[in-house]
Each structure stands twice: as structure tokens, then as C-alpha cells.
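What follows is the content of input_25.txt, which has compact mmCIF, C-alpha atoms and all ligand atoms:
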# COMPACT_ATOMS: atom_id res chain seq x y z
CA ASP A 6 124.61 -0.61 84.23
CA TYR A 7 121.49 -2.69 84.63
CA ASP A 8 121.19 -6.35 85.43
CA ALA A 9 120.92 -8.48 82.34
CA VAL A 10 117.26 -9.19 83.10
CA THR A 11 114.59 -6.81 81.93
CA ARG A 12 112.17 -5.44 84.47
CA SER A 13 108.38 -5.69 84.24
CA ILE A 14 106.22 -2.58 84.34
CA THR A 15 102.50 -1.89 84.66
CA ILE A 16 101.11 1.51 83.72
CA LEU A 17 97.78 2.46 85.25
CA GLY A 18 96.42 5.29 83.09
CA ALA A 19 98.56 4.44 80.06
CA THR A 20 96.60 6.59 77.61
CA GLY A 21 97.06 9.83 79.54
CA SER A 22 99.79 12.44 79.57
CA ILE A 23 101.91 10.71 82.25
CA GLY A 24 101.21 7.36 80.60
CA ALA A 25 102.50 8.69 77.26
CA SER A 26 105.64 10.14 78.87
CA THR A 27 106.32 6.83 80.62
CA LEU A 28 105.78 4.81 77.45
CA ASP A 29 108.10 7.15 75.56
CA LEU A 30 110.89 6.21 77.98
CA VAL A 31 110.00 2.51 77.79
CA ARG A 32 109.94 2.71 73.98
CA ARG A 33 113.52 4.02 74.04
CA ASN A 34 114.60 1.25 76.42
CA ARG A 35 112.87 -1.86 75.21
CA ASP A 36 115.87 -3.92 76.30
CA LEU A 37 115.37 -2.77 79.91
CA TRP A 38 111.60 -3.04 80.30
CA HIS A 39 108.80 -5.36 79.35
CA VAL A 40 105.24 -4.17 79.76
CA ASP A 41 102.94 -6.35 81.81
CA THR A 42 99.69 -4.38 81.99
CA LEU A 43 98.33 -1.19 80.46
CA THR A 44 95.06 0.41 81.57
CA ALA A 45 92.76 3.23 80.46
CA ASN A 46 89.32 4.42 81.37
CA CYS A 47 87.60 3.99 78.03
CA SER A 48 89.86 4.85 75.08
CA ALA A 49 89.80 1.23 73.91
CA ALA A 50 91.25 1.75 70.43
CA GLU A 51 94.17 3.75 71.77
CA LEU A 52 94.78 1.28 74.58
CA ALA A 53 94.69 -1.65 72.16
CA LYS A 54 97.22 0.09 69.93
CA LEU A 55 99.60 0.62 72.85
CA ALA A 56 99.09 -2.92 74.19
CA HIS A 57 99.93 -4.19 70.73
CA GLU A 58 102.99 -1.98 70.27
CA PHE A 59 104.43 -2.88 73.68
CA ASP A 60 103.36 -6.53 73.54
CA ALA A 61 101.55 -6.22 76.87
CA LYS A 62 100.20 -9.30 78.61
CA LEU A 63 97.00 -7.59 79.77
CA ALA A 64 94.96 -4.52 78.77
CA VAL A 65 92.21 -3.25 81.07
CA VAL A 66 89.54 -0.58 80.67
CA GLY A 67 88.05 0.91 83.83
CA ASP A 68 84.74 1.53 82.10
CA GLU A 69 83.23 -1.90 81.52
CA SER A 70 81.08 -0.65 78.65
CA CYS A 71 84.29 -0.21 76.61
CA LEU A 72 85.43 -3.81 77.08
CA SER A 73 83.79 -5.22 73.96
CA GLU A 74 85.53 -2.64 71.81
CA LEU A 75 88.85 -3.48 73.47
CA ARG A 76 88.23 -7.21 72.95
CA SER A 77 87.53 -6.88 69.26
CA ALA A 78 90.50 -4.53 68.80
CA LEU A 79 92.79 -7.15 70.38
CA SER A 80 91.18 -10.28 68.95
CA GLY A 81 93.69 -12.56 67.30
CA THR A 82 96.45 -11.50 69.71
CA ASP A 83 97.38 -13.28 72.92
CA ILE A 84 96.86 -10.09 74.96
CA GLU A 85 94.33 -10.67 77.71
CA THR A 86 91.60 -8.11 78.29
CA ALA A 87 89.44 -7.12 81.24
CA GLY A 88 87.07 -4.31 82.25
CA GLY A 89 85.64 -2.59 85.31
CA ALA A 90 86.85 -1.04 88.53
CA GLN A 91 87.51 -4.43 90.15
CA ALA A 92 89.53 -5.56 87.12
CA LEU A 93 91.72 -2.46 87.51
CA CYS A 94 92.47 -3.45 91.12
CA GLU A 95 93.19 -7.04 90.10
CA ALA A 96 95.51 -5.78 87.36
CA ALA A 97 97.31 -3.57 89.88
CA SER A 98 97.89 -6.53 92.18
CA ARG A 99 99.75 -8.61 89.57
CA PRO A 100 103.40 -9.03 90.53
CA VAL A 101 105.60 -6.59 88.59
CA ASP A 102 108.84 -4.77 89.29
CA MET A 103 107.34 -1.30 88.81
CA THR A 104 103.82 0.13 88.83
CA VAL A 105 103.31 3.61 87.43
CA ALA A 106 100.15 5.01 89.02
CA ALA A 107 98.92 7.60 86.51
CA ILE A 108 95.14 7.41 86.65
CA VAL A 109 93.66 10.85 87.26
CA GLY A 110 91.48 11.42 90.31
CA CYS A 111 90.26 9.38 93.24
CA ALA A 112 89.31 6.70 90.68
CA GLY A 113 92.96 5.65 90.93
CA LEU A 114 92.87 5.04 94.67
CA GLY A 115 91.65 1.42 94.60
CA PRO A 116 94.32 0.32 92.10
CA VAL A 117 97.05 2.22 94.01
CA MET A 118 95.98 0.52 97.21
CA ALA A 119 96.03 -2.88 95.45
CA ALA A 120 99.61 -2.25 94.30
CA VAL A 121 100.56 -1.13 97.82
CA GLU A 122 99.02 -4.23 99.38
CA ARG A 123 101.16 -6.37 97.10
CA GLY A 124 104.19 -4.61 98.58
CA GLY A 125 105.27 -3.36 95.18
CA THR A 126 107.36 -0.45 93.98
CA ILE A 127 105.03 2.31 92.86
CA ALA A 128 105.88 5.45 90.93
CA LEU A 129 103.03 7.60 92.20
CA ALA A 130 101.79 10.35 89.89
CA ASN A 131 98.15 10.06 91.00
CA LYS A 132 98.17 12.79 93.66
CA GLU A 133 94.41 12.64 94.31
CA ALA A 134 94.80 9.11 95.74
CA LEU A 135 97.28 10.34 98.33
CA VAL A 136 95.31 13.50 99.10
CA SER A 137 92.10 11.53 99.71
CA ALA A 138 93.57 8.59 101.54
CA GLY A 139 96.56 10.24 103.25
CA GLU A 140 97.13 8.39 106.53
CA VAL A 141 95.28 5.26 105.33
CA LEU A 142 97.50 4.93 102.27
CA MET A 143 100.76 5.78 104.04
CA SER A 144 100.10 3.30 106.84
CA ALA A 145 99.32 0.61 104.23
CA VAL A 146 102.66 1.42 102.57
CA GLN A 147 104.39 0.81 105.91
CA ARG A 148 102.41 -2.30 106.74
CA HIS A 149 103.01 -3.98 103.38
CA GLY A 150 106.57 -2.83 102.90
CA ALA A 151 105.71 -1.10 99.63
CA THR A 152 108.05 1.46 98.07
CA LEU A 153 106.47 4.74 97.03
CA LEU A 154 108.53 6.77 94.56
CA PRO A 155 107.07 10.28 94.23
CA THR A 156 106.62 11.12 90.54
CA ASP A 157 104.92 14.49 90.80
CA SER A 158 107.80 16.79 89.79
CA GLU A 159 107.88 18.76 93.06
CA HIS A 160 107.81 15.65 95.24
CA ASN A 161 110.32 13.92 93.06
CA ALA A 162 112.56 16.98 93.49
CA ILE A 163 112.16 16.86 97.28
CA PHE A 164 112.80 13.10 97.28
CA GLN A 165 116.04 13.72 95.39
CA CYS A 166 117.05 16.62 97.68
CA LEU A 167 116.47 14.42 100.74
CA ALA A 168 118.61 11.56 99.49
CA GLY A 169 121.26 10.64 102.00
CA ASN A 170 119.96 13.12 104.59
CA ASP A 171 118.01 12.61 107.77
CA ILE A 172 114.51 14.10 107.54
CA THR A 173 114.79 15.29 111.16
CA GLU A 174 117.55 17.69 110.03
CA VAL A 175 115.16 19.44 107.61
CA SER A 176 114.16 22.95 108.62
CA ARG A 177 111.94 23.72 105.63
CA ILE A 178 110.57 22.24 102.43
CA THR A 179 109.60 24.69 99.71
CA LEU A 180 107.25 23.62 96.93
CA THR A 181 107.66 25.76 93.84
CA ALA A 182 104.58 26.71 91.81
CA SER A 183 104.56 28.09 88.28
CA GLY A 184 101.46 30.10 89.20
CA GLY A 185 99.67 28.67 86.17
CA PRO A 186 98.51 30.39 82.98
CA LEU A 187 96.32 32.96 84.80
CA ARG A 188 98.94 34.02 87.34
CA THR A 189 98.90 37.72 86.38
CA TRP A 190 95.15 38.05 85.73
CA THR A 191 92.96 40.51 87.64
CA PRO A 192 90.00 39.24 89.71
CA GLU A 193 87.61 40.44 86.98
CA GLN A 194 89.55 38.60 84.28
CA LEU A 195 89.71 35.46 86.42
CA LYS A 196 85.92 35.44 86.77
CA ALA A 197 85.60 35.30 83.00
CA ALA A 198 88.40 32.78 82.34
CA THR A 199 87.35 30.05 79.89
CA PRO A 200 88.34 26.35 79.97
CA ALA A 201 90.59 26.90 76.93
CA GLN A 202 92.44 29.72 78.72
CA ALA A 203 92.72 27.75 81.94
CA VAL A 204 94.23 24.64 80.32
CA ALA A 205 96.81 26.57 78.27
CA HIS A 206 99.72 26.06 80.66
CA PRO A 207 102.85 28.04 79.75
CA ASN A 208 105.45 25.48 80.94
CA TRP A 209 103.89 22.03 81.16
CA SER A 210 101.78 19.90 78.84
CA MET A 211 99.35 17.87 80.98
CA GLY A 212 95.88 16.33 81.17
CA ALA A 213 92.86 18.67 81.36
CA LYS A 214 92.07 18.14 85.05
CA ILE A 215 95.55 18.91 86.39
CA SER A 216 95.82 21.84 83.96
CA VAL A 217 92.71 23.44 85.50
CA ASP A 218 94.10 22.63 88.96
CA SER A 219 97.27 24.48 87.97
CA ALA A 220 95.26 27.52 86.92
CA THR A 221 93.29 27.64 90.21
CA MET A 222 96.43 26.74 92.22
CA MET A 223 94.49 23.77 93.61
CA ASN A 224 97.26 21.67 92.09
CA LYS A 225 99.67 23.29 94.56
CA GLY A 226 97.11 22.80 97.32
CA LEU A 227 96.87 19.09 96.52
CA GLU A 228 100.66 18.94 96.36
CA PHE A 229 100.93 20.60 99.76
CA ILE A 230 98.78 17.81 101.22
CA GLU A 231 100.73 15.22 99.20
CA ALA A 232 104.03 16.58 100.58
CA HIS A 233 102.71 16.50 104.13
CA HIS A 234 102.12 12.74 103.81
CA LEU A 235 105.25 11.86 101.86
CA PHE A 236 107.68 13.98 103.89
CA PRO A 237 106.40 14.22 107.48
CA VAL A 238 108.34 17.28 108.64
CA GLY A 239 105.24 19.03 110.02
CA LEU A 240 102.96 21.56 108.33
CA ASP A 241 104.85 24.55 109.75
CA LYS A 242 107.91 23.52 107.74
CA LEU A 243 106.07 23.35 104.39
CA ARG A 244 106.02 26.45 102.18
CA ILE A 245 104.89 27.36 98.68
CA VAL A 246 106.68 29.91 96.53
CA VAL A 247 105.67 31.04 93.05
CA HIS A 248 108.48 30.51 90.55
CA PRO A 249 107.12 31.21 87.04
CA GLN A 250 110.01 29.65 85.09
CA SER A 251 109.43 26.12 86.52
CA VAL A 252 113.17 25.39 86.51
CA ILE A 253 113.58 24.70 90.22
CA HIS A 254 111.10 21.94 90.96
CA SER A 255 111.31 22.25 94.75
CA MET A 256 113.80 22.77 97.57
CA VAL A 257 114.83 21.36 100.92
CA GLU A 258 116.48 23.54 103.54
CA TYR A 259 118.44 21.95 106.39
CA ARG A 260 118.98 23.23 109.95
CA ASP A 261 122.37 24.67 108.99
CA ARG A 262 120.51 26.85 106.39
CA SER A 263 121.92 24.91 103.50
CA THR A 264 119.26 24.59 100.80
CA LEU A 265 119.27 21.86 98.16
CA ALA A 266 117.21 22.38 95.01
CA GLN A 267 116.48 20.14 92.05
CA LEU A 268 116.52 21.81 88.64
CA GLY A 269 115.53 20.42 85.29
CA PRO A 270 113.57 20.90 82.09
CA SER A 271 109.80 21.13 82.69
CA ASP A 272 109.12 17.75 81.15
CA MET A 273 107.65 14.93 83.22
CA ARG A 274 109.98 12.43 81.56
CA VAL A 275 112.68 13.71 83.94
CA PRO A 276 110.96 12.78 87.23
CA ILE A 277 109.48 9.65 85.63
CA ALA A 278 112.97 8.56 84.54
CA SER A 279 114.23 9.20 88.05
CA CYS A 280 111.56 6.80 89.38
CA LEU A 281 112.04 4.15 86.69
CA ALA A 282 115.80 3.98 87.17
CA TRP A 283 115.80 4.54 90.94
CA PRO A 284 118.18 4.24 92.74
CA LYS A 285 120.24 4.53 89.55
CA ARG A 286 119.86 6.96 86.64
CA MET A 287 118.86 6.57 83.01
CA ASP A 288 119.12 8.69 79.86
CA THR A 289 116.24 10.88 78.69
CA PRO A 290 115.95 12.49 75.25
CA LEU A 291 115.86 16.00 76.74
CA GLU A 292 118.22 18.84 76.03
CA PRO A 293 120.52 19.86 78.89
CA LEU A 294 119.30 22.79 80.95
CA ASP A 295 120.73 26.04 79.53
CA LEU A 296 120.65 28.43 82.48
CA ALA A 297 122.39 31.24 80.63
CA ALA A 298 119.64 31.10 77.99
CA ILE A 299 116.93 31.03 80.68
CA GLY A 300 118.64 34.06 82.20
CA GLU A 301 116.56 34.68 85.29
CA LEU A 302 114.87 32.64 87.95
CA THR A 303 112.29 34.68 89.86
CA PHE A 304 110.26 34.04 93.00
CA ARG A 305 107.25 35.67 94.63
CA PRO A 306 104.71 34.82 97.31
CA THR A 307 101.37 33.20 96.52
CA ASP A 308 98.27 35.41 96.33
CA GLU A 309 95.57 33.59 98.28
CA VAL A 310 92.99 36.30 97.57
CA ARG A 311 92.92 35.68 93.82
CA PHE A 312 93.85 32.01 94.27
CA PRO A 313 92.26 30.71 97.50
CA ALA A 314 92.93 27.03 96.76
CA THR A 315 96.19 26.77 98.70
CA ARG A 316 94.47 28.23 101.77
CA LEU A 317 91.63 25.70 101.43
CA ALA A 318 94.13 22.85 101.16
CA ARG A 319 96.11 24.05 104.17
CA GLU A 320 92.92 24.37 106.21
CA ALA A 321 91.79 20.91 105.11
CA ILE A 322 95.02 19.24 106.14
CA GLN A 323 94.99 21.16 109.45
CA ALA A 324 91.42 19.97 110.04
CA GLY A 325 92.59 16.46 109.11
CA GLY A 326 90.34 13.39 109.09
CA ALA A 327 87.91 13.43 106.18
CA ALA A 328 88.53 17.04 105.10
CA PRO A 329 91.21 16.39 102.44
CA ALA A 330 89.08 13.66 100.83
CA ILE A 331 86.10 16.05 100.79
CA LEU A 332 88.24 18.84 99.32
CA ASN A 333 89.49 16.52 96.60
CA ALA A 334 86.08 15.11 95.69
CA ALA A 335 84.46 18.57 95.56
CA ASN A 336 87.32 19.82 93.42
CA GLU A 337 86.96 16.92 90.96
CA VAL A 338 83.23 17.70 90.59
CA ALA A 339 83.88 21.45 90.27
CA VAL A 340 86.67 21.06 87.69
CA ALA A 341 84.48 18.76 85.57
CA ALA A 342 81.62 21.30 85.81
CA PHE A 343 83.96 24.13 84.80
CA LEU A 344 85.33 22.18 81.82
CA ASP A 345 81.72 21.48 80.88
CA GLY A 346 80.83 25.19 80.92
CA GLN A 347 78.48 24.85 83.90
CA ILE A 348 80.34 27.15 86.31
CA GLY A 349 82.82 29.99 86.10
CA PHE A 350 86.49 29.78 86.99
CA MET A 351 86.22 31.41 90.43
CA GLN A 352 83.28 29.15 91.28
CA ILE A 353 85.59 26.12 91.32
CA THR A 354 87.25 27.01 94.61
CA ALA A 355 84.00 28.55 95.91
CA MET A 356 82.28 25.18 95.40
CA VAL A 357 85.10 23.39 97.19
CA GLU A 358 84.89 25.77 100.14
CA ASP A 359 81.11 25.43 100.23
CA THR A 360 81.24 21.63 100.21
CA LEU A 361 83.84 21.62 102.98
CA SER A 362 81.73 23.93 105.14
CA ARG A 363 78.55 21.86 104.70
CA TYR A 364 79.86 18.32 105.03
CA THR A 365 81.92 16.76 107.78
CA ALA A 366 82.49 13.05 108.33
CA ALA A 367 84.13 10.78 110.88
CA VAL A 368 87.87 10.15 110.56
CA PRO A 369 88.36 7.50 107.85
CA VAL A 370 90.34 4.43 108.92
CA ASN A 371 90.28 2.28 105.79
CA LEU A 372 89.77 2.35 102.04
CA GLU A 373 86.02 1.75 102.31
CA ASP A 374 85.67 4.81 104.57
CA ILE A 375 87.57 6.98 102.10
CA LEU A 376 85.50 5.78 99.15
CA ALA A 377 82.25 6.42 101.09
CA ILE A 378 83.39 9.96 102.02
CA ASP A 379 84.45 10.57 98.42
CA ALA A 380 81.04 9.44 97.13
CA GLU A 381 79.08 11.49 99.67
CA ALA A 382 81.20 14.59 99.03
CA ARG A 383 80.50 14.26 95.31
CA THR A 384 76.77 14.05 96.01
CA ARG A 385 76.96 17.19 98.15
CA ALA A 386 79.08 19.03 95.60
CA ASN A 387 76.59 18.10 92.87
CA GLN A 388 73.75 19.45 95.01
CA ILE A 389 75.65 22.72 95.39
CA LEU A 390 76.29 22.69 91.64
CA GLU A 391 72.55 22.37 90.90
CA SER A 392 71.80 25.41 93.05
CA THR A 393 74.69 27.44 91.60
CA ALA A 394 73.98 30.00 88.93
CA LEU A 395 76.64 30.60 86.32
CA VAL A 396 78.09 34.04 87.08
P1 LIG A 401 95.25 12.39 81.82
O1 LIG A 401 93.86 12.89 81.92
O2 LIG A 401 96.08 12.80 80.67
O3 LIG A 401 95.24 10.79 81.87
C1 LIG A 401 94.53 10.09 82.84
C2 LIG A 401 94.59 8.59 82.60
O4 LIG A 401 93.73 7.97 83.57
C3 LIG A 401 94.10 8.14 81.23
O5 LIG A 401 94.80 6.97 80.85
C4 LIG A 401 92.63 7.80 81.50
O6 LIG A 401 92.11 6.85 80.57
C5 LIG A 401 92.71 7.22 82.89
N1 LIG A 401 91.46 7.40 83.64
C6 LIG A 401 90.75 8.55 83.76
N2 LIG A 401 89.66 8.34 84.51
C7 LIG A 401 89.70 7.03 84.89
C8 LIG A 401 88.83 6.21 85.65
N3 LIG A 401 87.68 6.69 86.18
N4 LIG A 401 89.15 4.91 85.82
C9 LIG A 401 90.28 4.41 85.27
N5 LIG A 401 91.15 5.15 84.53
C10 LIG A 401 90.84 6.44 84.34
O7 LIG A 401 95.96 12.80 83.20
P2 LIG A 401 97.52 13.08 83.46
O8 LIG A 401 97.81 14.50 83.20
O9 LIG A 401 98.34 12.02 82.81
O10 LIG A 401 97.58 12.91 85.05
C11 LIG A 401 97.53 11.65 85.68
C12 LIG A 401 97.80 11.83 87.15
O11 LIG A 401 99.14 12.28 87.32
C13 LIG A 401 96.91 12.88 87.82
O12 LIG A 401 96.63 12.48 89.13
C14 LIG A 401 97.78 14.12 87.82
O13 LIG A 401 97.47 15.00 88.88
C15 LIG A 401 99.15 13.52 88.02
N6 LIG A 401 100.24 14.35 87.50
C16 LIG A 401 100.27 14.67 86.19
C17 LIG A 401 101.28 15.48 85.69
C18 LIG A 401 101.37 15.82 84.22
O14 LIG A 401 102.32 16.50 83.82
N7 LIG A 401 100.44 15.41 83.39
C19 LIG A 401 102.26 15.98 86.56
C20 LIG A 401 102.20 15.62 87.90
C21 LIG A 401 101.19 14.80 88.36
MG MG A 402 103.45 18.85 90.28
Please re-express this file's structure in C-alpha cells.
Ligand code: NAD
Ligand code: MG
Amino acid sequence: DYDAVTRSITILGATGSIGASTLDLVRRNRDLWHVDTLTANCSAAELAKLAHEFDAKLAVVGDESCLSELRSALSGTDIETAGGAQALCEAASRPVDMTVAAIVGCAGLGPVMAAVERGGTIALANKEALVSAGEVLMSAVQRHGATLLPTDSEHNAIFQCLAGNDITEVSRITLTASGGPLRTWTPEQLKAATPAQAVAHPNWSMGAKISVDSATMMNKGLEFIEAHHLFPVGLDKLRIVVHPQSVIHSMVEYRDRSTLAQLGPSDMRVPIASCLAWPKRMDTPLEPLDLAAIGELTFRPTDEVRFPATRLAREAIQAGGAAPAILNAANEVAVAAFLDGQIGFMQITAMVEDTLSRYTAAVPVNLEDILAIDAEARTRANQILESTALV
């Protein structure tokens, strides 16, 4: 079905969960893809192993202090190496057919922007980049004629449900949420939730940061903001519904009240495959969906008292300007502090709300503005962290 030529692919964040899922698909289709560049933050040995296996041209670590380890691990090969934040951006601007943006956090924004400025095709998993940079990133996509393929499962579902339809005919977009591992917990239990409990997601296997975001529902909050930028139907047409089985990945309703939904196994290889093969399709190693075995699909509203994150995200996107970047930065600091045992589970969203109420900034108009707001919001969140007692 494909052209005889193989396509080149760069994976930013190759050692993570999305990186591993992407490389699994590439590994099964070595005749279709050749790897140009693989990046990681610091896991040099792991990155070197992958670069070797996939015969990459370039391997880059974001943390420059890990470059010497990467160099020695790849000595004797013809794989080039580089290190540092600037090297990540340079790597992302190399011409390739497909860039998978799978760095976690706002750290991925610079490289995503570099890939956008090259006018490339980007499978975007890195939601924090879009949440922080919203308008700035989307206008760069327009200006440079880049193609953004949403990889986050909900947005990929919406993208698929919109295919062939006019977005002005959409009456509602519904993001489904699993509700996370703590969905049924009481407020008292939530206060005492440990990192191990928060990262134990029932349906999805993911990196630590997004797993905590799932537990607080901030993941859905970030996705709400992400959806607002990717599918500009207006905030009043965006909804969230809790759907614990994670079978329906999201839905689009049209003005005639016809609703299209995308269903699939809760495995990121499905949306990643949809991006890699787009606008065609490719095989994945997953079992077909067995709806009779699943039995029931259930839905309920979100509870913004126990899980205030979706309210904070909605308020941030309504406020606009710098607010989503501040929300994201504060959340990254708070999640790291929670994983580190410094704060309790309910203090994550409390810290985000506190940071948002204490720090406002002018509307960002370019990447430098976003990065400055991100840095300042982290400083403020860290100040709040220092004055926060573990409860
Ligand atoms: P992960 O923690 O498993 O992997 C993150 C990757 O980014 C690793 O390769 C790591 O080395 C790299 N990285 C981390 N910090 C970096 C830095 N400062 N500079 C450069 N590289 C850095 O995360 P993940 O679960 O694979 O998620 C990646 C992104 O995809 C996140 O934005 C997440 O929200 C999004 N996403 C993930 C899933 C999932 O199922 N895992 C689903 C939807 C969206
Ligand atoms: Mg998602």
C-alpha cells in the first residue's frame, strides 16, 4: 500500500512510554521506516541501545551532563551524538517525513516549535507544549504550513471523527475520561493517596507524570485546553464525560444530533499507528475489540469537588493569555513534588490554583514569552511549595 520508499522518522522522547510504543510499531515495520534521530533526557545507555538497534543517524540527550556517557556508549559506530536543549531543537529541525513529539512537559516545547518551523509533519503527544503555547504554537503551524497530527488518544479520536466533515457543523465535542485510579475514593482517602496509588492506572500504562495527571484529572484539564486549540469549535461546545472503561476515546456530535465516536483498545499504539500511517492505515499487533466481552460502557459526570483540576483548566483557558502556561508550569512543579513525597495528593491542584491566583503575566506572543512565563511560574510555584506544610 505504501510507496516503495521508506519514510524517515525522528522520535523526541524515545526512551519514554510513547517512545517505546512508537518504536514497537517501527520495529514491526522496518521496511516502511528508517529512524533519523532519537532523543532522551538523560538515559544515555538506553538511548544508545535504541539508536544502535534502529541504526539511527543521530542520538541526542537533553541533559548535557549525560553526553559523555552517550558518546562512549556509541563509540565505534557512525551514529552522531549531541547534548543540551539547543541540540534537541537542532535535532528537531532536521528534515524528516515524521516527527513524533513525545517529550514530557514544557521541556518539549522548543523542539516541537523547531519541527513546526521546518513545516514538518508532527505526531504530537506532548500535550504540555500545546497547553503552554496554545495560540503561539497554532499560529506557527499555520504560518509554516506544518501538519499537526494529534496523538493523544482523545484528540486522535476527535481527529478521526472529524474526517471528511466541516468543523462548523459540529455541535459538541465530548472528551472521555477514565476518571483515573482514584475515581471512587472519598475526599479523606484522596488526601492520603500515595504516589504508588496515584500512578497505578487501571486502563493505561504511561509515564509517571501523566499517570499522576490522570489521577488528579489534570490530564483531562490539559486535554480540554489541547482540544480547544486543535479543534476551534468554542469552549461552550467542549465537554468532558467520565467513561471508566476507556473504550470510547472521544466523540463528535454534529448539528443534526448524529454523534461519531472512536473506539479501540486502550493502547497508545492505536492512535500512534493512526498518525504514522495517516492518511492511510497500518496493522498493529493488538487484539480486536471484543465488545461482548467488555459488556458495558458506562458514563457519568465529572466531580469537580473531589477533582478540581478540570475547573482550573477551564478557568485558565477562559482567562486566556498566560494562564494556561502558568497552570501547566505549576502543575509540573506540583506533580514532581508529590512524586517526591513533599506534598499530599490534594495539594497538587491546590498549588496550581494558588500559583494561578498569585501570578499574572502579559499575553505571550512568541516562544520566548512562553518560556519566560513558564520559568517565572515555576519559581512562584516553588516558593509556594517551600511555604507548604505536608498535610
Ligand atoms: P515518559 O516520562 O515515559 O517519557 C518522557 C520522555 O521524554 C523520555 O524519553 C524522557 O527521557 C524525555 N524527557 C523527559 N524530560 C525531558 C527533558 N527535560 N528534556 C528532554 N527530554 C526529556 O512520558 P510519556 O508517558 O511517554 O509521555 C510523553 C508525552 O506524551 C507527555 O506529554 C504525555 O502527556 C503525552 N501522552 C502520553 C500518553 C501515554 O500513554 N504515555 C498518552 C497521551 C499523551
Ligand atoms: Mg489522553
Ligand MG 402 (chain A) neighbours within 6 Å using all atoms listed in the file, as a ChimeraX atom specification: /A:157-159
Name each residue within 7 Å of ligand LIG 401 (chain A), counting all atoms listed in the file, as a PyMOL selection string. chain A and resi 17-24+44-48+66-68+90+107-110+112-113+130-133+156-158+209-215+273
For each of A:Lys242, A:His248, A:Lys196, A:Arg286, take the minimum atom-to-atom distance to Phe304 in chain A, counting only C-alpha atoms, then give the residue where this is smallest. A:His248
First collect every listed atom of range 55-62 of chain A; then fit an axis-aligned box around them, widen it by 4 Å on each side, and give centre and edge lengths in Å to one decimal, as lines of an AutoDock Vina configuration file.
center_x = 101.8
center_y = -4.3
center_z = 74.4
size_x = 13.3
size_y = 17.9
size_z = 16.3
Determine the nearest neighbour of Leu154 in chain A from the options A:Gly239, A:Pro192, A:Gly325, A:Pro276, counting only C-alpha atoms.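 Looking only at the distances to Leu154 in chain A, the closest residue turns out to be A:Pro276.
Taking CA of Glu85 in chain A and CA of Ser73 in chain A as the two end points, the separation is 12.4 Å.
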Determine, counting all atoms listed in the file, which protein, DNA and RNA residues have an atom within 9 Å of an atom of Ala56 in chain A; residues of the same chain fewer than 3 positions away are not included. Present the result as a list of chain:residue names.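 Neighbouring residues, sequence-local ones excluded: A:Val40, A:Thr42, A:Leu43, A:Glu51, A:Leu52, A:Ala53, A:Phe59, A:Asp60, A:Ala61, A:Lys62, A:Leu63, A:Ala64, A:Leu79, A:Ile84.
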